[in-house]
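J.: Sharing work.txt, compact mmCIF, C-alpha atoms and all ligand atoms:
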```
# COMPACT_ATOMS: atom_id res chain seq x y z
CA MET A 29 -5.64 19.89 -48.67
CA SER A 30 -5.99 21.56 -45.29
CA ILE A 31 -5.34 19.68 -42.04
CA SER A 32 -9.02 20.10 -41.29
CA GLN A 33 -10.06 18.43 -44.58
CA LYS A 34 -7.65 15.53 -44.15
CA ASP A 35 -8.96 15.12 -40.62
CA ALA A 36 -12.56 14.95 -41.88
CA GLU A 37 -11.61 12.00 -44.11
CA ASN A 38 -9.79 9.95 -41.51
CA ILE A 39 -10.61 10.76 -37.93
CA TRP A 40 -13.46 10.06 -35.51
CA HIS A 41 -13.68 12.71 -32.80
CA PRO A 42 -14.81 12.33 -29.18
CA TYR A 43 -18.25 13.53 -28.08
CA THR A 44 -18.97 14.53 -31.68
CA GLN A 45 -21.88 13.55 -33.92
CA MET A 46 -19.70 13.29 -37.01
CA GLN A 47 -22.61 13.66 -39.42
CA LEU A 48 -23.53 17.04 -38.01
CA TYR A 49 -20.16 18.43 -37.00
CA GLY A 50 -17.66 16.70 -39.27
CA LYS A 51 -15.19 19.52 -39.62
CA ALA A 52 -12.73 20.16 -36.83
CA VAL A 53 -10.75 23.38 -36.44
CA ALA A 54 -7.06 22.56 -36.94
CA ILE A 55 -4.93 24.17 -34.25
CA VAL A 56 -1.29 24.64 -35.18
CA LYS A 57 0.07 26.58 -32.24
CA GLY A 58 -0.63 27.45 -28.63
CA GLU A 59 0.77 30.30 -26.60
CA GLY A 60 -0.35 31.41 -23.15
CA ALA A 61 -4.14 31.26 -22.94
CA CYS A 62 -4.47 31.37 -26.74
CA LEU A 63 -4.59 28.93 -29.63
CA PHE A 64 -4.04 29.62 -33.35
CA ASP A 65 -5.65 27.72 -36.22
CA GLU A 66 -4.18 26.81 -39.60
CA ASP A 67 -5.57 30.01 -41.13
CA GLY A 68 -3.89 32.12 -38.48
CA LYS A 69 -7.04 32.90 -36.52
CA LYS A 70 -6.50 33.42 -32.79
CA TYR A 71 -8.76 31.94 -30.11
CA ILE A 72 -8.90 32.45 -26.36
CA ASP A 73 -9.00 29.00 -24.77
CA ALA A 74 -11.78 29.84 -22.30
CA GLY A 75 -12.36 26.19 -21.31
CA ALA A 76 -8.63 25.42 -20.96
CA SER A 77 -8.73 22.55 -23.47
CA TRP A 78 -11.20 20.34 -21.62
CA TRP A 79 -10.17 21.83 -18.30
CA THR A 80 -6.59 20.60 -18.49
CA ASN A 81 -4.49 23.67 -19.14
CA ILE A 82 -3.50 25.74 -16.14
CA HIS A 83 -0.24 27.61 -16.87
CA GLY A 84 -0.75 28.33 -20.57
CA HIS A 85 -0.04 26.45 -23.78
CA ALA A 86 3.44 25.33 -24.79
CA HIS A 87 4.82 26.65 -21.51
CA PRO A 88 8.62 26.86 -21.96
CA HIS A 89 9.46 25.34 -18.57
CA ILE A 90 7.19 22.32 -19.08
CA ALA A 91 8.44 21.94 -22.67
CA GLN A 92 12.07 22.03 -21.52
CA LYS A 93 11.51 19.43 -18.79
CA ILE A 94 9.66 17.15 -21.21
CA PHE A 95 12.53 17.50 -23.69
CA GLU A 96 15.18 16.72 -21.07
CA GLN A 97 13.28 13.70 -19.79
CA ALA A 98 12.59 12.34 -23.29
CA ASN A 99 16.32 12.46 -23.96
CA LYS A 100 17.12 10.59 -20.75
CA LEU A 101 14.40 7.99 -20.24
CA GLU A 102 11.08 8.04 -22.10
CA HIS A 103 9.46 5.03 -20.43
CA VAL A 104 10.06 1.94 -18.35
CA ILE A 105 7.80 -0.77 -16.92
CA PHE A 106 6.58 0.36 -13.48
CA ALA A 107 6.16 -3.09 -11.90
CA GLY A 108 9.47 -3.93 -10.28
CA PHE A 109 11.09 -0.72 -11.57
CA THR A 110 10.95 2.94 -10.69
CA HIS A 111 12.55 6.25 -11.68
CA GLU A 112 13.35 9.63 -10.21
CA PRO A 113 10.56 11.73 -11.77
CA ALA A 114 7.93 9.34 -10.29
CA VAL A 115 9.56 9.33 -6.86
CA GLN A 116 10.02 13.08 -6.82
CA LEU A 117 6.43 13.66 -7.91
CA ALA A 118 5.02 11.28 -5.30
CA GLU A 119 6.97 13.08 -2.56
CA ARG A 120 5.76 16.45 -3.79
CA LEU A 121 2.13 15.38 -4.14
CA LEU A 122 2.11 13.89 -0.66
CA ARG A 123 3.44 17.19 0.66
CA ILE A 124 0.60 19.21 -0.88
CA LEU A 125 -2.25 16.70 -0.40
CA PRO A 126 -3.90 16.51 3.05
CA PRO A 127 -1.70 14.65 5.59
CA SER A 128 -4.07 11.66 5.52
CA GLN A 129 -2.74 10.78 2.05
CA LYS A 130 0.20 8.38 2.24
CA ARG A 131 0.49 6.48 -1.06
CA ILE A 132 0.45 7.46 -4.72
CA PHE A 133 -0.80 5.12 -7.45
CA TYR A 134 -0.21 6.26 -11.04
CA SER A 135 -2.33 5.80 -14.16
CA ASP A 136 -2.97 7.84 -17.29
CA ASN A 137 -6.19 9.87 -17.26
CA GLY A 138 -9.10 10.96 -15.12
CA SER A 139 -11.28 7.93 -15.83
CA THR A 140 -8.49 5.52 -14.92
CA ALA A 141 -7.77 7.50 -11.74
CA VAL A 142 -11.44 6.90 -10.84
CA GLU A 143 -11.37 3.22 -11.87
CA VAL A 144 -8.35 2.70 -9.64
CA ALA A 145 -10.11 4.42 -6.72
CA LEU A 146 -13.24 2.28 -7.09
CA LYS A 147 -11.26 -0.96 -7.46
CA MET A 148 -9.14 -0.02 -4.44
CA ALA A 149 -12.30 0.51 -2.40
CA PHE A 150 -13.99 -2.72 -3.54
CA GLN A 151 -10.84 -4.78 -3.01
CA TYR A 152 -10.15 -3.14 0.34
CA TRP A 153 -13.32 -4.80 1.63
CA HIS A 154 -12.65 -8.02 -0.29
CA ASN A 155 -9.20 -8.29 1.29
CA LYS A 156 -10.81 -7.81 4.69
CA GLY A 157 -13.18 -10.70 3.94
CA GLU A 158 -16.30 -8.59 3.36
CA LEU A 159 -18.34 -8.39 0.17
CA ARG A 160 -19.35 -4.77 -0.19
CA THR A 161 -20.64 -3.96 -3.67
CA GLN A 162 -22.56 -0.71 -3.24
CA VAL A 163 -21.30 2.78 -4.02
CA ILE A 164 -22.99 6.03 -3.06
CA ALA A 165 -22.77 8.81 -5.64
CA PHE A 166 -24.44 12.13 -6.37
CA LYS A 167 -27.25 12.49 -8.86
CA ASN A 168 -25.91 13.96 -12.13
CA ALA A 169 -22.34 13.09 -11.16
CA TYR A 170 -19.74 12.69 -13.87
CA HIS A 171 -16.64 10.60 -13.20
CA GLY A 172 -15.47 9.51 -16.65
CA ASP A 173 -16.15 7.28 -19.63
CA THR A 174 -14.79 3.85 -18.71
CA PHE A 175 -17.30 1.32 -17.39
CA GLY A 176 -16.67 1.75 -13.67
CA ALA A 177 -16.51 5.53 -13.97
CA MET A 178 -19.69 5.53 -16.08
CA SER A 179 -21.42 3.31 -13.51
CA VAL A 180 -20.85 5.79 -10.69
CA SER A 181 -21.86 8.71 -12.92
CA GLY A 182 -25.48 9.79 -13.26
CA ARG A 183 -27.43 8.04 -16.00
CA SER A 184 -27.66 10.42 -18.94
CA ALA A 185 -27.37 10.70 -22.71
CA PHE A 186 -23.71 9.78 -22.24
CA THR A 187 -24.53 6.42 -20.67
CA ALA A 188 -27.88 5.57 -22.34
CA ALA A 189 -26.43 2.95 -24.73
CA PHE A 190 -24.78 1.15 -21.82
CA ASP A 191 -27.21 1.59 -18.92
CA LYS A 192 -28.07 -2.11 -18.65
CA LEU A 193 -24.40 -3.02 -18.50
CA LEU A 194 -23.46 -0.67 -15.67
CA PHE A 195 -23.43 -1.69 -12.01
CA ASP A 196 -26.08 -0.23 -9.72
CA VAL A 197 -25.26 2.75 -7.59
CA ILE A 198 -27.11 4.46 -4.74
CA TYR A 199 -27.77 8.04 -5.87
CA ILE A 200 -28.38 10.82 -3.44
CA ASP A 201 -28.96 14.53 -3.91
CA ALA A 202 -25.89 16.72 -3.81
CA PRO A 203 -25.69 19.31 -1.01
CA VAL A 204 -26.47 22.26 -3.25
CA PRO A 205 -27.69 25.36 -1.41
CA GLY A 206 -31.21 24.69 -0.20
CA MET A 207 -30.80 20.89 -0.33
CA GLU A 208 -28.22 20.47 2.45
CA ASP A 209 -30.50 18.78 4.99
CA GLU A 210 -32.27 16.65 2.40
CA ALA A 211 -28.97 15.37 0.98
CA PHE A 212 -27.70 14.53 4.46
CA ALA A 213 -30.95 12.77 5.38
CA GLN A 214 -30.79 10.63 2.23
CA LEU A 215 -27.20 9.65 2.97
CA LYS A 216 -28.01 8.79 6.57
CA ASN A 217 -31.01 6.73 5.52
CA HIS A 218 -29.02 4.67 3.00
CA ILE A 219 -26.23 4.11 5.48
CA SER A 220 -28.62 2.87 8.13
CA ARG A 221 -30.27 0.48 5.66
CA HIS A 222 -27.26 -0.86 3.76
CA ILE A 223 -24.21 -0.32 5.93
CA THR A 224 -22.80 -3.82 5.41
CA ASP A 225 -23.05 -3.43 1.61
CA ILE A 226 -21.57 0.02 1.07
CA SER A 227 -17.94 0.14 0.03
CA SER A 228 -17.50 3.80 -0.82
CA PHE A 229 -18.92 7.26 -1.38
CA ILE A 230 -17.58 9.05 -4.47
CA PHE A 231 -18.11 12.73 -5.20
CA GLU A 232 -16.78 15.70 -7.13
CA PRO A 233 -15.99 18.04 -4.22
CA LEU A 234 -17.63 21.50 -4.25
CA VAL A 235 -18.14 21.72 -8.03
CA GLN A 236 -19.83 19.11 -10.22
CA GLY A 237 -18.34 20.11 -13.56
CA THR A 238 -20.16 18.22 -16.29
CA ALA A 239 -23.49 18.55 -14.45
CA GLY A 240 -23.24 22.27 -15.23
CA MET A 241 -20.74 23.57 -12.68
CA ILE A 242 -23.16 22.80 -9.85
CA THR A 243 -21.71 24.10 -6.58
CA HIS A 244 -22.07 22.52 -3.14
CA ASP A 245 -22.37 23.99 0.30
CA ALA A 246 -18.95 23.21 1.81
CA GLY A 247 -20.21 22.68 5.37
CA ALA A 248 -22.90 20.28 4.21
CA LEU A 249 -20.47 18.25 2.10
CA GLU A 250 -18.12 18.12 5.07
CA LYS A 251 -20.89 16.71 7.26
CA MET A 252 -21.65 14.01 4.68
CA ILE A 253 -18.00 12.96 4.40
CA LYS A 254 -17.75 12.85 8.21
CA LEU A 255 -20.81 10.62 8.47
CA CYS A 256 -19.35 8.16 5.95
CA LYS A 257 -16.03 8.12 7.74
CA GLU A 258 -17.73 7.43 11.08
CA HIS A 259 -19.21 4.32 9.46
CA GLY A 260 -15.96 3.18 7.82
CA ILE A 261 -17.20 3.92 4.29
CA ILE A 262 -14.29 4.86 2.02
CA THR A 263 -14.70 8.46 0.87
CA ILE A 264 -13.37 9.20 -2.63
CA ALA A 265 -12.82 12.77 -3.77
CA ASP A 266 -12.78 13.00 -7.56
CA GLU A 267 -10.60 16.10 -7.92
CA VAL A 268 -9.89 15.42 -11.60
CA MET A 269 -11.42 18.77 -12.53
CA THR A 270 -11.17 20.70 -9.24
CA GLY A 271 -7.53 19.87 -8.46
CA PHE A 272 -4.53 22.13 -8.93
CA GLY A 273 -6.01 25.48 -8.05
CA ARG A 274 -9.29 25.51 -9.97
CA THR A 275 -11.46 26.35 -6.97
CA GLY A 276 -9.03 28.84 -5.43
CA LYS A 277 -7.11 26.35 -3.25
CA MET A 278 -4.73 23.64 -4.45
CA PHE A 279 -7.50 21.07 -3.97
CA ALA A 280 -11.20 21.70 -3.43
CA CYS A 281 -10.98 19.51 -0.31
CA ASP A 282 -8.57 22.06 1.19
CA GLN A 283 -11.72 24.11 1.77
CA LEU A 284 -13.15 21.35 3.97
CA GLU A 285 -12.24 20.52 7.53
CA VAL A 286 -12.38 16.82 6.88
CA SER A 287 -10.11 14.89 4.56
CA PRO A 288 -11.44 12.13 2.28
CA ASP A 289 -9.65 8.76 2.15
CA VAL A 290 -8.90 8.71 -1.57
CA PHE A 291 -8.13 11.44 -4.13
CA CYS A 292 -8.38 11.13 -7.92
CA LEU A 293 -6.23 13.61 -9.86
CA SER A 294 -5.63 14.24 -13.56
CA LYS A 295 -6.26 17.11 -16.04
CA GLY A 296 -4.22 20.02 -14.60
CA ILE A 297 -1.65 17.74 -12.96
CA THR A 298 0.78 18.05 -15.89
CA GLY A 299 -0.20 21.66 -16.54
CA GLY A 300 -2.28 20.21 -19.37
CA ALA A 301 0.71 18.92 -21.32
CA MET A 302 0.57 15.13 -20.92
CA ALA A 303 -2.07 12.46 -20.27
CA PHE A 304 -1.71 11.40 -16.65
CA GLY A 305 -3.65 10.19 -13.64
CA VAL A 306 -3.04 9.75 -9.93
CA THR A 307 -5.01 8.01 -7.20
CA SER A 308 -3.77 8.65 -3.68
CA CYS A 309 -4.93 6.85 -0.54
CA THR A 310 -4.50 6.54 3.22
CA GLN A 311 -2.12 4.16 4.98
CA LYS A 312 -5.10 2.14 6.20
CA ILE A 313 -6.26 1.38 2.66
CA TYR A 314 -2.71 0.61 1.50
CA GLU A 315 -2.15 -1.77 4.39
CA ALA A 316 -5.26 -3.79 3.53
CA PHE A 317 -3.33 -4.94 0.44
CA LEU A 318 -0.15 -5.97 2.29
CA SER A 319 -0.06 -9.72 2.83
CA ASP A 320 1.87 -12.93 2.25
CA ASP A 321 -1.20 -13.95 0.31
CA ARG A 322 -0.63 -12.92 -3.30
CA MET A 323 -4.37 -12.88 -3.93
CA LYS A 324 -4.47 -9.63 -1.95
CA THR A 325 -2.29 -7.88 -4.55
CA PHE A 326 -3.82 -4.90 -6.32
CA PHE A 327 -3.96 -6.38 -9.82
CA HIS A 328 -4.20 -3.14 -11.72
CA GLY A 329 -1.70 -1.33 -13.93
CA HIS A 330 -1.53 0.31 -17.33
CA SER A 331 1.36 0.02 -19.78
CA TYR A 332 2.12 3.70 -19.37
CA THR A 333 1.83 3.78 -15.57
CA ALA A 334 4.01 6.61 -14.21
CA ASN A 335 5.33 7.50 -17.64
CA PRO A 336 8.55 9.43 -16.90
CA ILE A 337 7.80 12.20 -19.43
CA ALA A 338 4.37 12.75 -17.88
CA CYS A 339 5.91 12.73 -14.39
CA ALA A 340 8.49 15.29 -15.56
CA ALA A 341 5.68 17.50 -16.91
CA ALA A 342 3.82 17.21 -13.58
CA ASN A 343 6.96 18.13 -11.63
CA ALA A 344 7.48 21.10 -13.96
CA SER A 345 3.89 22.22 -13.41
CA LEU A 346 4.43 22.16 -9.64
CA ASP A 347 7.65 24.20 -10.12
CA ILE A 348 5.58 26.86 -11.91
CA PHE A 349 3.13 27.15 -9.01
CA GLU A 350 6.13 28.40 -7.03
CA SER A 351 8.14 30.29 -9.65
CA GLU A 352 5.18 32.21 -11.10
CA ASN A 353 3.17 32.68 -7.93
CA THR A 354 0.24 30.96 -9.62
CA PHE A 355 -2.12 31.50 -6.68
CA LYS A 356 -1.83 35.24 -7.20
CA LYS A 357 -3.11 34.77 -10.76
CA ILE A 358 -5.89 32.51 -9.51
CA GLY A 359 -6.91 35.17 -6.99
CA ARG A 360 -6.92 37.83 -9.68
CA ILE A 361 -9.20 35.75 -11.94
CA ALA A 362 -11.54 35.02 -9.01
CA GLY A 363 -11.70 38.77 -8.30
CA GLN A 364 -12.47 39.58 -11.93
CA HIS A 365 -15.24 36.94 -11.98
CA GLU A 366 -16.69 38.43 -8.80
CA ALA A 367 -16.71 41.95 -10.25
CA PHE A 368 -18.26 40.71 -13.50
CA VAL A 369 -21.19 38.96 -11.85
CA GLN A 370 -21.97 42.09 -9.83
CA GLN A 371 -22.86 43.94 -13.04
CA PRO A 372 -26.60 44.65 -13.19
CA ALA A 373 -26.90 42.91 -16.60
CA ILE A 374 -25.92 39.69 -14.85
CA LYS A 375 -26.99 40.25 -11.27
CA VAL A 376 -30.50 41.49 -11.84
CA ASN A 377 -31.41 39.22 -14.71
CA ASP A 378 -34.16 36.76 -13.82
CA ASN A 379 -33.21 34.52 -16.73
CA LEU A 380 -29.76 33.83 -15.36
CA THR A 381 -28.41 31.77 -12.49
CA VAL A 382 -24.77 32.43 -11.70
CA ARG A 383 -22.36 30.11 -9.91
CA HIS A 384 -18.70 30.81 -9.36
CA LEU A 385 -15.87 29.47 -7.28
CA GLY A 386 -12.20 30.33 -7.75
CA THR A 387 -11.41 30.43 -11.46
CA ILE A 388 -14.70 28.77 -12.44
CA LEU A 389 -17.63 30.90 -13.54
CA ALA A 390 -20.89 29.43 -14.81
CA ILE A 391 -23.96 31.20 -16.09
CA GLU A 392 -27.07 29.10 -16.50
CA ILE A 393 -29.51 30.54 -19.00
CA ASP A 394 -33.10 29.76 -18.21
CA ALA A 395 -34.20 28.02 -21.38
CA GLY A 396 -37.29 26.19 -20.25
CA GLU A 397 -35.55 22.86 -20.36
CA THR A 398 -32.11 21.99 -18.93
CA SER A 399 -30.35 19.50 -21.12
CA TYR A 400 -27.04 18.79 -22.75
CA PHE A 401 -28.79 19.02 -26.13
CA ASN A 402 -30.43 22.34 -25.40
CA ASN A 403 -30.23 24.48 -28.54
CA ILE A 404 -28.54 27.30 -26.62
CA ARG A 405 -25.52 25.04 -26.59
CA ASP A 406 -24.96 25.10 -30.36
CA LYS A 407 -25.87 28.74 -30.68
CA ALA A 408 -23.47 29.79 -27.93
CA TYR A 409 -20.66 27.53 -29.14
CA HIS A 410 -20.71 29.06 -32.64
CA PHE A 411 -21.29 32.58 -31.37
CA PHE A 412 -18.14 32.44 -29.23
CA LEU A 413 -16.08 30.52 -31.80
CA GLU A 414 -16.75 33.18 -34.43
CA ARG A 415 -15.55 35.78 -31.97
CA GLY A 416 -12.32 33.94 -31.24
CA ILE A 417 -13.34 32.23 -28.00
CA ILE A 418 -13.31 28.48 -27.48
CA MET A 419 -16.04 27.51 -25.06
CA ARG A 420 -18.13 24.32 -25.12
CA PRO A 421 -21.27 25.15 -23.15
CA LEU A 422 -22.77 22.41 -20.98
CA GLY A 423 -26.27 22.55 -22.46
CA ASN A 424 -27.73 25.87 -21.36
CA VAL A 425 -24.81 26.57 -19.04
CA ILE A 426 -22.05 28.75 -20.44
CA TYR A 427 -18.92 28.77 -18.37
CA LEU A 428 -15.36 29.99 -18.07
CA MET A 429 -12.47 27.94 -16.75
CA PRO A 430 -9.46 29.64 -18.31
CA PRO A 431 -5.75 28.89 -18.01
CA TYR A 432 -4.51 30.89 -15.00
CA CYS A 433 -2.22 32.97 -17.23
CA ILE A 434 -5.14 34.55 -19.13
CA SER A 435 -4.61 38.31 -19.30
CA GLU A 436 -6.99 40.74 -17.66
CA ALA A 437 -7.79 42.15 -21.08
CA ASP A 438 -8.59 38.75 -22.64
CA LEU A 439 -10.85 37.91 -19.71
CA GLU A 440 -12.64 41.26 -20.06
CA TYR A 441 -13.09 40.56 -23.77
CA VAL A 442 -14.73 37.21 -22.96
CA TYR A 443 -17.04 38.86 -20.38
CA GLY A 444 -18.01 41.41 -23.00
CA MET A 445 -18.90 38.68 -25.47
CA ILE A 446 -20.90 36.83 -22.80
CA LEU A 447 -22.92 40.00 -22.18
CA LYS A 448 -23.45 40.40 -25.91
CA PHE A 449 -24.59 36.80 -26.27
CA ILE A 450 -27.02 37.10 -23.38
CA GLU A 451 -28.36 40.37 -24.75
CA GLU A 452 -28.86 38.95 -28.26
CA ASP A 453 -30.09 35.56 -27.14
CA LEU A 454 -32.63 36.76 -24.63
CA ARG A 455 -33.93 39.63 -26.69
N1 LIG A 501 -13.83 13.06 -13.22
C1 LIG A 501 -14.22 14.32 -13.43
C2 LIG A 501 -14.74 15.12 -12.28
C3 LIG A 501 -14.11 14.89 -14.71
O1 LIG A 501 -14.53 16.15 -14.90
C4 LIG A 501 -13.59 14.11 -15.76
C5 LIG A 501 -13.42 14.64 -17.17
N2 LIG A 501 -14.15 15.72 -17.53
C6 LIG A 501 -13.20 12.79 -15.49
C7 LIG A 501 -13.31 12.31 -14.20
C8 LIG A 501 -12.65 11.91 -16.57
O2 LIG A 501 -11.39 12.30 -16.95
P1 LIG A 501 -10.80 11.89 -18.37
O3 LIG A 501 -11.59 12.62 -19.40
O4 LIG A 501 -9.37 12.29 -18.32
O5 LIG A 501 -10.95 10.40 -18.48
```
Since I need it in another form, could you write the structure as C-alpha cells?
Ligand code: PMP

T.:
Amino acid sequence: MSISQKDAENIWHPYTQMQLYGKAVAIVKGEGACLFDEDGKKYIDAGASWWTNIHGHAHPHIAQKIFEQANKLEHVIFAGFTHEPAVQLAERLLRILPPSQKRIFYSDNGSTAVEVALKMAFQYWHNKGELRTQVIAFKNAYHGDTFGAMSVSGRSAFTAAFDKLLFDVIYIDAPVPGMEDEAFAQLKNHISRHITDISSFIFEPLVQGTAGMITHDAGALEKMIKLCKEHGIITIADEVMTGFGRTGKMFACDQLEVSPDVFCLSKGITGGAMAFGVTSCTQKIYEAFLSDDRMKTFFHGHSYTANPIACAAANASLDIFESENTFKKIGRIAGQHEAFVQQPAIKVNDNLTVRHLGTILAIEIDAGETSYFNNIRDKAYHFFLERGIIMRPLGNVIYLMPPYCISEADLEYVYGMILKFIEEDLR
C-alpha cells in the first residue's frame, strides 16, 4: 500500500474536507525549493509549505545544527531552567528587531505567539489595576486558529462554527490604498469613544496574508500605530507571515518609522524546519509583570517552550541569512516579480488585480464573487499541481511566496504556468 493510501485510512488533515479531498500527496523528500512525491514526481513549493520555508528544504546547515543539538540536549523545562540555544537566539533576535523590543517570550507556533501577545496585553492592564477588554483589529484579519487568535481574526467560514464563543472585537478597515483616511477616521472614532476599554490594536503589518495578500499603505499604517501609541494602546504586530525577509526587509515593520510594542513571530523563524513561536515586547510591558505579588506573574507556558532543537534551527536560519547573503536572493525574486507583472498579459488585463511586495506576489482574478470557496480555487490548485507546482490559492487569489533559494528558471516556469492558467481560465 502506498503512503498516500495508508494516510487516507488513518489521518485527518487540516483545512481539508476529507470527503471531497481524502487523498493526500505523499512527499518523501525535499531539496531546495522543490519537493518529491512517492512516485518520484517533482514539485516547486511555490507557497513555501504554508509560508514557512525560506532557505530551502532539508537545508544542510539547519539539518546539521538540529542533529548536533538533538545529540546534546533535546528538551528541558523552561520554567526555572534555561539553555544556550535559547539565550543565543534571544540575543540575536533582539539585535535584529527594532530597539524598542527588550524581552523574548517563547512558544511553539504562530497562533500561540498571538495568544501570548493578547494575554500579555490584557494582563498588562490588569496588573495596572485597569480592566481593558477591547481589542481593535482589521476586517478580514487572520491571526490563527486558537480561540484568542480566532477572536481577533475576521469572522469567516473558518470561524463560523465558533462565532458565538469568541470574544468581541472592534473591527476597522485596513489602510489599503484608497481607504487610508477612512481607516484612520474609524480608528480615531473608536479610540475617542472607548479609550478606557481598549487594551490593544493587533494587525498583520503591510500584508494581510490569508485575506488574499491584501497590501497596506505604509504611511497610513504608521499613522494608525502612532495614534494608538499616543493613547497608550498596546500595538501588536503579527509578523508570523511577514517576518524574516518576506516583504523585502527582515520585518515588515522595518518599513515603518514607528515601532509597535509587541511582535509575534513564527513560520520562517526556524527556516521552516521546526514548529516555533516568539512574542517579543518592550521593557514597559515586561515591567508591568514584575512584582512581589505573585498574582502579577504571567501564567502562560507550553511544555515545549523554547525547545532547544527548535532554537538551534532558528539560530541556524539566522546564520544562513549571513552566510548565503539571503537578502540578495530576496531582492532578485522581488525584481523578477516586478518584471513579470509589467508584462502586458498581466498589466493590461482588466480581470486581474495585482499586489506584490518583496517575495510575495498575488494575482486576484475577478470572478464575480470573492470567497475562499470560489471555484477558481479548486481549478487553479489542480491545474498547478498537475504541472508540478504546489500552490493553494486563497479563493480567487493565486499567489507566490517561494523559498528564497528558488532558481530564476523555476520562478520563470511558475510565471509561465500562471499566464497559461489565466489565458485558459479567462478564455
Ligand atoms: N498569524 C498570521 C499572520 C498567519 O498568517 C498565521 C498562519 N497562516 C498565523 C498567525 C497562525 O500561525 P500558525 O498556523 O503557526 O498557528

J.: Name the closest residue to ligand LIG 501 (chain A) among the candidates A:His154, A:His103, A:Arg274, A:Arg131; distances are taken between atoms, counting only C-alpha atoms and all ligand atoms.

T.: A:Arg274

J.: Given the point (-24.2, 6.5, -13.0) in the coordinates of this file, which residues lie within 10 Å, counting all atoms listed in the file, and how would they look as a ChimeraX atom specification?

T.: /A:165-172,175-184,186-187,191,194-199

J.: I want to know what sits within 8 Å of Tyr332 in chain A, based on all atoms listed in the file, with residues of the same chain fewer than 3 positions away left out; could you give that as a list in words?

T.: His103, Ile105, Ser135, Asp136 and Asn335 of chain A

J.: Set out as a Markdown table a contact list for chain A and ligand LIG 501 (chain A) with a cut-off of 8 Å, giving each residue of chain A that qualifies its closest atom pair and distance in Å to one decimal, counting all atoms listed in the file, ordered by chain and rising residue number.

T.:
```
| residue | atom | partner | partner_atom | distance |
| --- | --- | --- | --- | --- |
| A:Trp78 | CA | A:LIG501 | N2 | 6.8 |
| A:Trp79 | CA | A:LIG501 | N2 | 7.3 |
| A:Asp136 | CA | A:LIG501 | O4 | 7.9 |
| A:Asn137 | CA | A:LIG501 | O4 | 4.1 |
| A:Gly138 | CA | A:LIG501 | O2 | 3.2 |
| A:Ser139 | CA | A:LIG501 | O5 | 3.6 |
| A:Thr140 | CA | A:LIG501 | O5 | 6.5 |
| A:Ala141 | CA | A:LIG501 | C7 | 7.7 |
| A:Val142 | CA | A:LIG501 | C7 | 6.6 |
| A:Ala169 | CA | A:LIG501 | C2 | 7.9 |
| A:Tyr170 | CA | A:LIG501 | C1 | 5.8 |
| A:His171 | CA | A:LIG501 | N1 | 3.7 |
| A:Gly172 | CA | A:LIG501 | C8 | 3.7 |
| A:Asp173 | CA | A:LIG501 | O5 | 6.2 |
| A:Thr174 | CA | A:LIG501 | O5 | 7.6 |
| A:Ala177 | CA | A:LIG501 | C7 | 7.5 |
| A:Glu232 | CA | A:LIG501 | C2 | 5.6 |
| A:Gln236 | CA | A:LIG501 | C2 | 6.8 |
| A:Gly237 | CA | A:LIG501 | O1 | 5.7 |
| A:Thr238 | CA | A:LIG501 | O1 | 6.2 |
| A:Asp266 | CA | A:LIG501 | C2 | 5.5 |
| A:Glu267 | CA | A:LIG501 | C2 | 6.1 |
| A:Val268 | CA | A:LIG501 | C1 | 4.8 |
| A:Met269 | CA | A:LIG501 | O1 | 4.7 |
| A:Thr270 | CA | A:LIG501 | C2 | 7.3 |
| A:Cys292 | CA | A:LIG501 | N1 | 7.8 |
| A:Ser294 | CA | A:LIG501 | O4 | 6.4 |
| A:Lys295 | CA | A:LIG501 | O4 | 6.2 |
| A:Ala303 | CA | A:LIG501 | O4 | 7.6 |
| A:Phe304 | CA | A:LIG501 | O4 | 7.9 |
| A:Gly305 | CA | A:LIG501 | O4 | 7.7 |
```

J.: Please provide the set of residues having any atom within 10 Å of His89 in chain A, restricted to only C-alpha atoms, with same-chain residues fewer than 5 positions apart removed, written as a list of chain:residue names.

T.: A:Ile94, A:Phe95, A:Ala341, A:Ala344, A:Ser345, A:Asp347, A:Ile348

J.: Env of Leu385 in chain A: 12 Å cut, atoms = all atoms listed in the file, seq-sep filter 6 positions within chain, self excluded. Answer as a CSV table (one decimal) with C-alpha atoms, in the frame of the given file.

T.:
```csv
chain,number,residue,atom,x,y,z
A,233,PRO,CA,-16.0,18.0,-4.2
A,234,LEU,CA,-17.6,21.5,-4.2
A,235,VAL,CA,-18.1,21.7,-8.0
A,236,GLN,CA,-19.8,19.1,-10.2
A,237,GLY,CA,-18.3,20.1,-13.6
A,241,MET,CA,-20.7,23.6,-12.7
A,242,ILE,CA,-23.2,22.8,-9.8
A,243,THR,CA,-21.7,24.1,-6.6
A,244,HIS,CA,-22.1,22.5,-3.1
A,245,ASP,CA,-22.4,24.0,0.3
A,246,ALA,CA,-19.0,23.2,1.8
A,270,THR,CA,-11.2,20.7,-9.2
A,273,GLY,CA,-6.0,25.5,-8.0
A,274,ARG,CA,-9.3,25.5,-10.0
A,275,THR,CA,-11.5,26.4,-7.0
A,276,GLY,CA,-9.0,28.8,-5.4
A,277,LYS,CA,-7.1,26.4,-3.2
A,280,ALA,CA,-11.2,21.7,-3.4
A,283,GLN,CA,-11.7,24.1,1.8
A,358,ILE,CA,-5.9,32.5,-9.5
A,359,GLY,CA,-6.9,35.2,-7.0
A,361,ILE,CA,-9.2,35.8,-11.9
A,362,ALA,CA,-11.5,35.0,-9.0
A,363,GLY,CA,-11.7,38.8,-8.3
A,364,GLN,CA,-12.5,39.6,-11.9
A,365,HIS,CA,-15.2,36.9,-12.0
A,366,GLU,CA,-16.7,38.4,-8.8
A,369,VAL,CA,-21.2,39.0,-11.8
A,427,TYR,CA,-18.9,28.8,-18.4
A,428,LEU,CA,-15.4,30.0,-18.1
A,429,MET,CA,-12.5,27.9,-16.8
```

J.: Calculated over all atoms listed in the file, which of the candidates A:Lys216, A:Ala36, A:Asp225, A:Tyr71 has the smallest distance to Val56 in chain A?

T.: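 So, comparing all the options, the nearest one is A:Tyr71.
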
J.: Neighbours of range 371-378 of chain A within 12 Å (all atoms listed in the file; same-chain residues fewer than 3 positions away dropped), as a PyMOL selection string?

T.: chain A and resi 364-368+381-383+390-395+443-444+446-451+454

J.: Please indicate the distance in Å from CA of Glu208 in chain A to CA of Lys251 in chain A, rounded to one decimal place.

T.: 9.5 Å

J.: Can you work out the spacing between CA of Arg120 in chain A and CA of Leu346 in chain A in Å, to one decimal?

T.: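 A separation of 8.3 Å between them.
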